file run-v9.csv (CSV, C-alpha atoms)
chain,number,residue,atom,x,y,z
L,1,MET,CA,-7.4,-15.3,-17.7
L,2,GLU,CA,-11.1,-15.7,-18.0
L,3,SER,CA,-13.3,-12.7,-17.0
L,4,LEU,CA,-16.8,-13.1,-15.5
L,5,GLU,CA,-19.1,-10.0,-15.4
L,6,VAL,CA,-21.7,-9.8,-12.8
L,7,HIS,CA,-24.2,-7.2,-14.0
L,8,GLY,CA,-26.0,-4.6,-11.9
L,9,PHE,CA,-29.2,-6.4,-10.8
L,10,LEU,CA,-27.4,-9.6,-9.8
L,11,ALA,CA,-24.6,-7.6,-8.0
L,12,PHE,CA,-27.2,-5.5,-6.1
L,13,THR,CA,-29.1,-8.7,-5.1
L,14,LEU,CA,-25.9,-10.3,-3.9
L,15,ALA,CA,-25.1,-7.2,-1.9
L,16,ILE,CA,-28.4,-7.5,-0.1
L,17,VAL,CA,-27.6,-11.1,0.8
L,18,LEU,CA,-24.1,-10.2,2.0
L,19,LEU,CA,-25.6,-7.4,4.2
L,20,PHE,CA,-27.9,-10.0,5.8
L,21,VAL,CA,-24.9,-12.2,6.4
L,22,GLY,CA,-23.2,-9.4,8.3
L,23,LYS,CA,-26.4,-8.6,10.3
L,24,ALA,CA,-26.8,-12.3,11.2
L,25,ALA,CA,-23.1,-12.5,12.3
L,26,THR,CA,-23.5,-9.3,14.4
L,27,MET,CA,-26.6,-10.6,16.1
L,28,ARG,CA,-25.0,-14.0,16.8
L,29,TYR,CA,-21.6,-13.0,18.1
L,30,GLN,CA,-21.4,-10.6,21.0
L,31,VAL,CA,-17.7,-9.7,20.3
L,32,LEU,CA,-18.7,-8.1,17.0
L,33,ARG,CA,-21.1,-5.8,18.8
L,34,ASP,CA,-18.7,-5.1,21.7
L,35,TYR,CA,-16.1,-3.8,19.2
L,36,SER,CA,-18.7,-2.1,16.9
L,37,ILE,CA,-17.6,-3.9,13.7
L,38,PRO,CA,-19.8,-2.5,10.9
L,39,GLU,CA,-22.2,-5.1,9.6
L,40,PRO,CA,-21.4,-4.4,5.9
L,41,VAL,CA,-17.8,-5.2,6.5
L,42,ILE,CA,-18.4,-8.9,7.4
L,43,GLY,CA,-20.4,-9.9,4.3
L,44,GLY,CA,-18.5,-7.6,1.9
L,45,PHE,CA,-15.1,-8.8,3.1
L,46,LEU,CA,-16.1,-12.5,2.9
L,47,CYS,CA,-17.2,-11.9,-0.7
L,48,ALA,CA,-13.9,-10.2,-1.6
L,49,VAL,CA,-12.0,-13.2,-0.1
L,50,ALA,CA,-14.1,-15.6,-2.1
L,51,VAL,CA,-13.6,-13.7,-5.3
L,52,GLY,CA,-9.8,-13.6,-4.6
L,53,LEU,CA,-9.7,-17.4,-4.1
L,54,ILE,CA,-11.6,-18.0,-7.4
L,55,TYR,CA,-9.0,-15.7,-9.1
L,56,TYR,CA,-6.1,-17.7,-7.8
L,57,LEU,CA,-7.5,-21.2,-7.9
L,58,PHE,CA,-9.5,-21.1,-11.1
L,59,ASN,CA,-7.9,-18.2,-13.0
L,60,ILE,CA,-11.2,-16.4,-13.2
L,61,GLN,CA,-11.5,-12.7,-12.6
L,62,ILE,CA,-15.0,-11.6,-11.4
L,63,ASN,CA,-16.0,-8.0,-12.0
L,64,PHE,CA,-19.2,-6.5,-10.5
L,65,THR,CA,-21.2,-3.8,-12.2
L,66,LEU,CA,-22.0,-1.4,-9.4
L,67,ASP,CA,-23.5,1.7,-11.0
L,68,VAL,CA,-26.1,2.1,-8.3
L,69,ARG,CA,-23.4,2.3,-5.5
L,70,ASP,CA,-22.7,6.0,-5.8
L,71,TRP,CA,-26.4,6.8,-5.7
L,72,LEU,CA,-26.7,5.0,-2.4
L,73,LEU,CA,-23.9,7.2,-0.9
L,74,ILE,CA,-25.7,10.4,-2.2
L,75,TYR,CA,-29.0,9.3,-0.6
L,76,PHE,CA,-27.2,8.6,2.7
L,77,PHE,CA,-25.7,12.1,3.0
L,78,ALA,CA,-28.9,13.8,1.9
L,79,GLY,CA,-30.6,11.9,4.8
L,80,ILE,CA,-27.9,13.1,7.2
L,81,GLY,CA,-28.5,16.7,6.1
L,82,LEU,CA,-32.3,16.4,6.5
L,83,ARG,CA,-31.8,15.3,10.1
L,84,SER,CA,-29.2,18.0,10.9
L,85,ASP,CA,-30.3,20.7,13.3
L,86,ILE,CA,-28.5,24.0,12.6
L,87,LYS,CA,-28.0,24.6,16.4
L,88,THR,CA,-26.0,21.3,16.6
L,89,LEU,CA,-24.1,22.4,13.5
L,90,LEU,CA,-23.2,25.8,14.9
L,91,THR,CA,-21.9,24.2,18.1
L,92,GLY,CA,-19.5,22.2,15.9
L,93,GLY,CA,-17.7,25.4,14.7
L,94,ARG,CA,-14.6,25.2,16.8
L,95,PRO,CA,-14.3,21.4,16.8
L,96,LEU,CA,-14.8,21.4,13.0
L,97,ALA,CA,-11.9,23.9,12.5
L,98,LEU,CA,-9.7,21.9,14.9
L,99,LEU,CA,-10.4,18.6,13.2
L,100,VAL,CA,-9.5,20.2,9.8
L,101,VAL,CA,-6.2,21.4,11.3
L,102,LEU,CA,-5.5,17.9,12.7
L,103,ALA,CA,-6.3,16.3,9.3
L,104,CYS,CA,-3.9,18.7,7.6
L,105,VAL,CA,-1.1,17.8,10.1
L,106,TYR,CA,-1.9,14.1,9.6
L,107,ILE,CA,-1.7,14.4,5.8
L,108,VAL,CA,1.8,15.7,6.0
L,109,LEU,CA,2.9,12.9,8.4
L,110,GLN,CA,1.3,10.3,6.3
L,111,ASN,CA,3.2,11.4,3.2
L,112,LEU,CA,6.5,11.6,5.1
L,113,ILE,CA,6.0,8.0,6.2
L,114,GLY,CA,5.4,6.9,2.6
L,115,ILE,CA,8.4,8.8,1.3
L,116,GLY,CA,10.7,7.6,4.1
L,117,THR,CA,9.7,3.9,3.7
L,118,ALA,CA,10.1,4.1,-0.1
L,119,ALA,CA,13.6,5.6,0.3
L,120,GLY,CA,14.4,2.9,2.8
L,121,PHE,CA,13.6,0.2,0.2
L,122,GLY,CA,15.9,1.9,-2.3
L,123,MET,CA,12.9,3.1,-4.4
L,124,ASP,CA,12.1,6.5,-5.7
L,125,PRO,CA,11.0,8.4,-2.6
L,126,LYS,CA,8.0,9.8,-4.4
L,127,THR,CA,6.7,6.3,-4.9
L,128,GLY,CA,5.7,6.5,-1.2
L,129,LEU,CA,3.2,9.2,-2.0
L,130,MET,CA,1.1,6.5,-3.7
L,131,ALA,CA,1.0,4.7,-0.3
L,132,GLY,CA,0.4,8.0,1.4
L,133,SER,CA,-2.4,10.5,1.2
L,134,ILE,CA,-3.0,9.9,-2.5
L,135,SER,CA,-4.5,6.5,-2.0
L,136,LEU,CA,-5.4,6.5,1.7
L,137,ILE,CA,-7.1,9.9,2.2
L,138,GLY,CA,-7.7,10.5,-1.5
L,139,GLY,CA,-9.0,7.1,-2.3
L,140,VAL,CA,-9.2,5.2,-5.6
L,141,GLY,CA,-10.4,8.3,-7.5
L,142,THR,CA,-7.4,10.4,-6.5
L,143,THR,CA,-5.1,7.4,-7.2
L,144,ILE,CA,-6.3,7.1,-10.7
L,145,ALA,CA,-6.1,10.8,-11.3
L,146,TRP,CA,-2.5,11.0,-10.2
L,147,ALA,CA,-1.2,7.8,-11.7
L,148,PRO,CA,-0.5,9.2,-15.2
L,149,THR,CA,1.7,12.0,-13.7
L,150,PHE,CA,3.7,9.4,-11.8
L,151,VAL,CA,4.1,7.1,-14.8
L,152,GLU,CA,4.7,9.7,-17.5
L,153,ASP,CA,6.5,12.5,-15.7
L,154,LEU,CA,8.3,10.7,-12.8
L,155,GLY,CA,8.8,7.3,-14.5
L,156,ILE,CA,7.3,5.2,-11.7
L,157,LEU,CA,5.7,2.5,-13.8
L,158,ASN,CA,4.0,0.5,-11.0
L,159,SER,CA,2.5,3.6,-9.2
L,160,MET,CA,-1.1,2.6,-10.0
L,161,GLU,CA,-0.7,-0.9,-8.7
L,162,ILE,CA,0.9,0.4,-5.4
L,163,GLY,CA,-1.8,3.0,-5.0
L,164,VAL,CA,-4.7,0.6,-5.5
L,165,ALA,CA,-3.1,-2.1,-3.2
L,166,ALA,CA,-2.5,0.5,-0.5
L,167,ASN,CA,-6.1,1.7,-0.7
L,168,THR,CA,-7.3,-1.9,-0.4
L,169,VAL,CA,-5.3,-2.6,2.7
L,170,GLY,CA,-6.3,0.8,4.2
L,171,LEU,CA,-10.0,0.4,3.5
L,172,ILE,CA,-10.1,-3.0,5.2
L,173,SER,CA,-8.0,-1.7,8.2
L,174,ALA,CA,-10.2,1.4,8.6
L,175,CYS,CA,-13.3,-0.8,8.8
L,176,CYS,CA,-11.8,-3.0,11.5
L,177,LEU,CA,-10.1,-0.3,13.7
L,178,GLY,CA,-12.8,2.3,14.3
L,179,GLY,CA,-15.0,0.3,16.6
L,180,PRO,CA,-12.3,-1.2,18.7
L,181,ILE,CA,-10.7,2.3,19.2
L,182,ALA,CA,-14.0,3.7,20.4
L,183,SER,CA,-14.6,0.8,22.7
L,184,TYR,CA,-11.2,1.2,24.2
L,185,LEU,CA,-11.6,4.9,24.8
L,186,ILE,CA,-15.0,4.5,26.4
L,187,LYS,CA,-13.8,1.8,28.8
L,188,ARG,CA,-10.4,3.4,29.5
L,189,HIS,CA,-11.9,6.8,30.4
L,190,LYS,CA,-15.2,5.5,31.8
L,191,LEU,CA,-17.1,7.9,29.5
L,192,LYS,CA,-20.8,8.7,29.7
L,193,THR,CA,-22.3,7.5,26.4
L,194,GLY,CA,-25.2,8.9,24.4
L,195,SER,CA,-28.9,8.2,24.2
L,196,HIS,CA,-30.3,5.4,21.9
L,197,GLU,CA,-33.2,7.6,21.1
L,198,ASN,CA,-33.2,9.5,17.8
L,199,LEU,CA,-30.1,8.0,16.3
L,200,ASP,CA,-28.7,9.7,13.2
L,201,VAL,CA,-28.6,6.4,11.3
L,202,GLY,CA,-30.6,3.2,11.9
L,203,VAL,CA,-31.6,1.7,15.3
L,204,ALA,CA,-29.7,0.4,18.3
L,205,HIS,CA,-28.6,-3.2,18.5
L,206,ASP,CA,-30.6,-3.9,21.6
L,207,LYS,CA,-33.6,-1.7,20.9
L,208,ASN,CA,-37.0,-3.3,20.0
L,209,HIS,CA,-37.9,-2.4,16.4
L,210,SER,CA,-40.9,-0.2,16.6
L,211,LYS,CA,-43.4,-0.2,13.7
L,212,ILE,CA,-43.2,2.6,11.1
L,213,GLU,CA,-46.1,3.5,8.9
L,214,HIS,CA,-45.4,2.9,5.2
L,215,TYR,CA,-46.4,6.5,4.3
L,216,ALA,CA,-43.8,7.9,6.8
L,217,LEU,CA,-41.2,5.9,4.9
L,218,LEU,CA,-42.5,7.2,1.6
L,219,TRP,CA,-42.7,10.8,2.9
L,220,ALA,CA,-39.0,10.5,4.0
L,221,TRP,CA,-38.1,9.2,0.5
L,222,LEU,CA,-39.9,12.1,-1.1
L,223,TRP,CA,-37.8,14.6,0.9
L,224,LEU,CA,-34.7,12.7,0.0
L,225,ASN,CA,-35.4,13.1,-3.7
L,226,VAL,CA,-36.1,16.8,-3.2
L,227,ALA,CA,-32.7,17.1,-1.5
L,228,LEU,CA,-31.0,15.3,-4.3
L,229,ILE,CA,-32.6,17.6,-6.9
L,230,LEU,CA,-31.5,20.7,-5.0
L,231,GLY,CA,-28.1,19.1,-4.4
L,232,HIS,CA,-27.7,18.5,-8.1
L,233,GLY,CA,-28.5,22.2,-8.7
L,234,ILE,CA,-25.9,23.3,-6.1
L,235,ASP,CA,-23.3,21.0,-7.7
L,236,SER,CA,-23.9,22.4,-11.2
L,237,MET,CA,-23.7,26.0,-9.8
L,238,LEU,CA,-20.4,25.2,-8.0
L,239,THR,CA,-19.0,23.5,-11.2
L,240,ASP,CA,-19.8,26.7,-13.2
L,241,TRP,CA,-17.9,28.7,-10.6
L,242,GLY,CA,-14.9,26.3,-11.1
L,243,ILE,CA,-15.3,24.6,-7.7
L,244,GLN,CA,-15.2,20.8,-7.9
L,245,LEU,CA,-16.6,18.9,-4.9
L,246,PRO,CA,-17.9,15.4,-4.5
L,247,LYS,CA,-21.6,15.4,-5.3
L,248,PHE,CA,-22.6,14.0,-1.9
L,249,VAL,CA,-21.3,17.2,-0.3
L,250,SER,CA,-23.8,19.3,-2.3
L,251,CYS,CA,-26.6,16.9,-1.3
L,252,LEU,CA,-25.5,17.1,2.3
L,253,ILE,CA,-25.7,20.9,2.1
L,254,ALA,CA,-29.1,20.7,0.4
L,255,GLY,CA,-30.5,18.5,3.1
L,256,ILE,CA,-29.2,20.9,5.8
L,257,PHE,CA,-30.8,23.9,4.0
L,258,ILE,CA,-34.2,22.1,3.6
L,259,ARG,CA,-34.3,21.0,7.2
L,260,ASN,CA,-33.4,24.4,8.7
L,261,ALA,CA,-34.6,27.0,6.2
L,262,VAL,CA,-37.5,25.4,4.3
L,263,ALA,CA,-39.1,23.0,6.8
L,264,PRO,CA,-39.7,25.7,9.6
L,265,LEU,CA,-41.7,27.8,7.1
L,266,PHE,CA,-44.1,24.9,6.5
L,267,PRO,CA,-44.6,23.1,9.9
L,268,LYS,CA,-47.5,21.1,8.5
L,269,LEU,CA,-45.3,19.5,5.9
L,270,ARG,CA,-44.3,16.8,8.3
L,271,TRP,CA,-45.5,13.2,8.6
L,272,PRO,CA,-45.4,11.4,11.9
L,273,GLY,CA,-42.4,9.1,12.0
L,274,GLN,CA,-40.6,10.7,9.0
L,275,ASP,CA,-37.4,11.1,11.1
L,276,GLN,CA,-37.4,7.4,11.8
L,277,GLY,CA,-38.0,6.8,8.1
L,278,LEU,CA,-35.0,8.9,7.2
L,279,ALA,CA,-32.8,7.0,9.7
L,280,LEU,CA,-33.8,3.6,8.3
L,281,ILE,CA,-33.3,4.6,4.7
L,282,SER,CA,-29.9,6.1,5.5
L,283,ASP,CA,-28.9,2.9,7.4
L,284,ILE,CA,-29.8,0.7,4.4
L,285,CYS,CA,-28.1,3.0,1.8
L,286,LEU,CA,-24.9,3.2,3.8
L,287,GLY,CA,-24.9,-0.6,4.5
L,288,MET,CA,-25.4,-1.4,0.8
L,289,PHE,CA,-22.8,1.1,-0.3
L,290,LEU,CA,-20.1,-0.2,1.9
L,291,THR,CA,-21.0,-3.8,1.2
L,292,MET,CA,-20.6,-3.1,-2.5
L,293,ALA,CA,-17.4,-1.2,-2.0
L,294,LEU,CA,-15.8,-4.2,-0.1
L,295,MET,CA,-17.2,-7.0,-2.3
L,296,SER,CA,-15.6,-5.4,-5.4
L,297,LEU,CA,-12.1,-5.2,-3.9
L,298,GLN,CA,-9.6,-7.0,-6.1
L,299,VAL,CA,-7.3,-8.5,-3.5
L,300,TRP,CA,-4.9,-9.8,-6.1
L,301,GLU,CA,-3.7,-6.2,-6.5
L,302,LEU,CA,-1.8,-6.8,-3.2
L,303,GLN,CA,0.8,-9.1,-4.7
L,304,GLY,CA,3.0,-6.5,-6.3
L,305,SER,CA,5.7,-4.8,-4.2
L,306,MET,CA,4.5,-7.0,-1.2
L,307,MET,CA,7.4,-6.3,1.2
L,308,PHE,CA,7.3,-2.5,0.6
L,309,LEU,CA,3.5,-2.6,0.9
L,310,MET,CA,3.5,-4.6,4.2
L,311,SER,CA,6.1,-2.3,5.7
L,312,VAL,CA,4.5,1.1,4.7
L,313,MET,CA,1.0,0.0,5.5
L,314,GLY,CA,2.0,-1.3,8.9
L,315,LEU,CA,3.5,2.1,9.7
L,316,GLN,CA,0.5,3.9,8.3
L,317,ILE,CA,-1.9,1.9,10.4
L,318,LEU,CA,0.2,2.4,13.5
L,319,LEU,CA,0.3,6.1,12.9
L,320,SER,CA,-3.4,6.3,12.5
L,321,VAL,CA,-4.1,4.4,15.8
L,322,LEU,CA,-1.6,6.5,17.8
L,323,PHE,CA,-2.6,9.8,16.4
L,324,THR,CA,-6.3,9.1,16.9
L,325,VAL,CA,-6.0,7.8,20.5
L,326,PHE,CA,-3.4,10.3,21.8
L,327,VAL,CA,-4.0,13.4,19.7
L,328,VAL,CA,-7.5,13.5,18.2
L,329,PHE,CA,-9.3,12.2,21.3
L,330,ASN,CA,-7.5,14.6,23.7
L,331,LEU,CA,-7.9,17.7,21.5
L,332,MET,CA,-11.5,17.1,20.5
L,333,GLY,CA,-12.7,17.2,24.1
L,334,ARG,CA,-12.1,13.7,25.7
L,335,ASP,CA,-15.9,13.0,25.8
L,336,TYR,CA,-18.2,10.6,24.0
L,337,GLU,CA,-18.6,12.9,21.0
L,338,ALA,CA,-14.8,12.9,20.7
L,339,THR,CA,-14.8,9.1,20.8
L,340,VAL,CA,-17.3,8.8,18.0
L,341,ILE,CA,-15.2,11.3,15.9
L,342,CYS,CA,-12.2,9.1,16.7
L,343,SER,CA,-14.0,6.0,15.4
L,344,GLY,CA,-14.5,7.9,12.1
L,345,PHE,CA,-11.0,9.4,11.9
L,346,GLY,CA,-9.5,6.1,10.8
L,347,GLY,CA,-12.0,6.2,7.9
L,348,ILE,CA,-10.7,9.6,7.0
L,349,THR,CA,-7.0,8.6,7.2
L,350,LEU,CA,-7.1,5.1,5.9
L,351,GLY,CA,-10.3,4.4,4.1
L,352,SER,CA,-13.0,6.7,2.8
L,353,THR,CA,-15.9,9.0,3.9
L,354,ALA,CA,-18.3,6.0,3.8
L,355,THR,CA,-15.9,4.0,6.0
L,356,ALA,CA,-15.7,6.8,8.5
L,357,ILE,CA,-19.5,7.1,8.8
L,358,ALA,CA,-20.0,3.3,8.9
L,359,ASN,CA,-17.6,3.1,11.9
L,360,MET,CA,-19.5,5.9,13.6
L,361,THR,CA,-22.8,4.3,12.9
L,362,ALA,CA,-21.7,1.0,14.4
L,363,VAL,CA,-20.5,2.8,17.5
L,364,SER,CA,-23.7,4.8,17.9
L,365,HIS,CA,-25.8,1.6,17.5
L,366,GLN,CA,-23.9,0.2,20.4
L,367,PHE,CA,-23.3,3.2,22.7
L,368,GLY,CA,-25.8,5.9,21.6
L,369,ALA,CA,-26.3,9.0,19.4
L,370,ALA,CA,-23.6,11.6,18.8
L,371,HIS,CA,-25.3,14.2,16.6
L,372,ARG,CA,-22.4,16.7,16.3
L,373,ALA,CA,-20.0,14.1,15.2
L,374,PHE,CA,-22.2,13.1,12.3
L,375,ILE,CA,-22.0,16.7,11.0
L,376,ILE,CA,-18.4,17.4,11.6
L,377,VAL,CA,-16.8,14.3,10.1
L,378,PRO,CA,-18.7,14.4,6.8
L,379,LEU,CA,-17.9,18.0,6.2
L,380,VAL,CA,-14.2,17.5,7.1
L,381,CYS,CA,-14.0,14.3,4.8
L,382,GLY,CA,-16.0,15.7,1.9
L,383,PHE,CA,-15.0,19.3,1.7
L,384,PHE,CA,-11.9,20.5,3.5
L,385,VAL,CA,-9.7,17.4,3.4
L,386,ASP,CA,-10.0,17.0,-0.4
L,387,ILE,CA,-8.9,20.6,-1.0
L,388,VAL,CA,-6.0,20.5,1.5
L,389,ASN,CA,-4.9,17.0,0.3
L,390,ALA,CA,-4.7,18.2,-3.3
L,391,ILE,CA,-2.5,21.2,-2.3
L,392,ILE,CA,-0.1,19.0,-0.1
L,393,ILE,CA,0.2,16.3,-2.8
L,394,SER,CA,1.1,18.9,-5.4
L,395,PHE,CA,3.8,20.3,-3.0
L,396,PHE,CA,5.4,16.9,-2.4
L,397,VAL,CA,5.3,16.0,-6.1
L,398,GLY,CA,6.9,19.3,-7.0
L,399,LEU,CA,9.9,18.8,-4.7

call {"tool": "encode", "arguments": {"input": "run-v9.csv", "output": "structure tokens"}}
result
Amino acid sequence: MESLEVHGFLAFTLAIVLLFVGKAATMRYQVLRDYSIPEPVIGGFLCAVAVGLIYYLFNIQINFTLDVRDWLLIYFFAGIGLRSDIKTLLTGGRPLALLVVLACVYIVLQNLIGIGTAAGFGMDPKTGLMAGSISLIGGVGTTIAWAPTFVEDLGILNSMEIGVAANTVGLISACCLGGPIASYLIKRHKLKTGSHENLDVGVAHDKNHSKIEHYALLWAWLWLNVALILGHGIDSMLTDWGIQLPKFVSCLIAGIFIRNAVAPLFPKLRWPGQDQGLALISDICLGMFLTMALMSLQVWELQGSMMFLMSVMGLQILLSVLFTVFVVFNLMGRDYEATVICSGFGGITLGSTATAIANMTAVSHQFGAAHRAFIIVPLVCGFFVDIVNAIIISFFVGL
């Protein structure tokens, strides 16, 4: 097997090209806009398929160096925080708590499906946890963290491969399901959608691109860097207290603090158009992050335990769709905000935080803003779910 390394600058440039491919496809094909398919998914997935074909046809494994990817996600969430009004955040109190409860229930159901399917295939039932909340809600990081326990303590030697493969299928599925679910709910219930003014991320598909002064963009970038500095301090403080959270959560909190506690004290520290600058930078960062995440997928990891993987992931995807449409939508208020939350719920349950926000962004570009959803979902994804997931995984492993 020959290995080809694509270093950071070339990988970053390729990601830009792929993002333009996705944008061009979205502008050309109405069906992609109708079902709110995120633009980064198109180019990133095409690259992953091409890399997979090169692997199988020419026995060459292509690896991308993507160190900048995590910084893009941090910039994105800092931007969300800087555009978050505390009044909107406070109105999300009850829905936030309710979505946390729904996510907890879902984690248990997801693991029961994994365990049951593994038992049905005559495998160690705990193998199913690797195709449950470990890989789907926890992601690759949680999969890597738990794999040694499964190999050394439980004797499940292919646990890493199953976890990575399940995460790959889940990530792709989450990207493709969020938009269609939202479109279905909006049409089915004839919902009143949001305004295309002041979107949380980017601009609407059919909106004329207004000019933005370059200093407004630079001013927004300055505040983003200030939020990142403060977020790094918050992260270090929490670490000293023994609390481990994804760094993007600390930067989200820092952005909210600056917007609602610092900015009102200095009203003159605003530049005309800075909110639009934040929205544009956030859109670019999220698009680049998700493009990089998808282009680096190693599709050949899917070949191990194929029948088990097809069965368990088919059930997991079905559970995600049914739970989202019939439980989450109804309990979160049956309105447009609930619909946008539903578009992100598949990202929570099958993909990642970035996938959830990408789905919501695509829906808001098509149907209008949903400010409360853009606060609730990141907090649930990045803070509460990680903690609850770790507790539930430990319980099932210890059975």

call {"tool": "residues_near_point", "arguments": {"input": "run-v9.csv", "point": "(-45.7, 18.1, 6.6)", "cutoff": "12 Å", "atoms": "all atoms listed in the file", "output": "ChimeraX atom specification"}}
result
/L:215-216,219-220,222-223,259,262-275

call {"tool": "residues_around", "arguments": {"input": "run-v9.csv", "residues": "L:Met313", "least_positions_apart": "6", "cutoff": "8 Å", "atoms": "only C-alpha atoms", "output": "ChimeraX atom specification"}}
result
/L:131,166,169-170

call {"tool": "residues_near_point", "arguments": {"input": "run-v9.csv", "point": "(-23.9, 4.7, -6.6)", "cutoff": "10 Å", "atoms": "all atoms listed in the file", "output": "MDAnalysis selection string"}}
result
chainID L and resid 66:75 285 288:289 292:293

call {"tool": "atom_distance", "arguments": {"input": "run-v9.csv", "atom1": "atom CA of L:Leu46", "atom2": "atom CA of L:Phe248"}}
result
27.7 Å

call {"tool": "closest_residue", "arguments": {"input": "run-v9.csv", "among": "L:Thr361, L:Ser173, L:Asn225, L:Ser311", "to": "L:Leu280", "atoms": "only C-alpha atoms"}}
result
L:Thr361

call {"tool": "residues_around", "arguments": {"input": "run-v9.csv", "residues": "L:Phe20", "least_positions_apart": "2", "cutoff": "12 Å", "atoms": "only C-alpha atoms", "output": "list in words"}}
result
Thr13, Leu14, Ala15, Ile16, Val17, Leu18, Gly22, Lys23, Ala24, Ala25, Thr26, Met27, Glu39, Pro40, Val41, Ile42, Gly43, Gly44, Ile284, Gly287, Met288 and Thr291 of chain L

call {"tool": "residues_around", "arguments": {"input": "run-v9.csv", "residues": "stretch 250-257 of chain L", "least_positions_apart": "6", "cutoff": "10 Å", "atoms": "all atoms listed in the file", "output": "PyMOL selection string"}}
result
chain L and resi 74-86+89+223-236+238+263+375+378-379+382-383

call {"tool": "closest_residue", "arguments": {"input": "run-v9.csv", "among": "L:Gly398, L:Arg33, L:Gly333, L:Thr355", "to": "L:Phe367", "atoms": "all atoms listed in the file"}}
result
L:Arg33
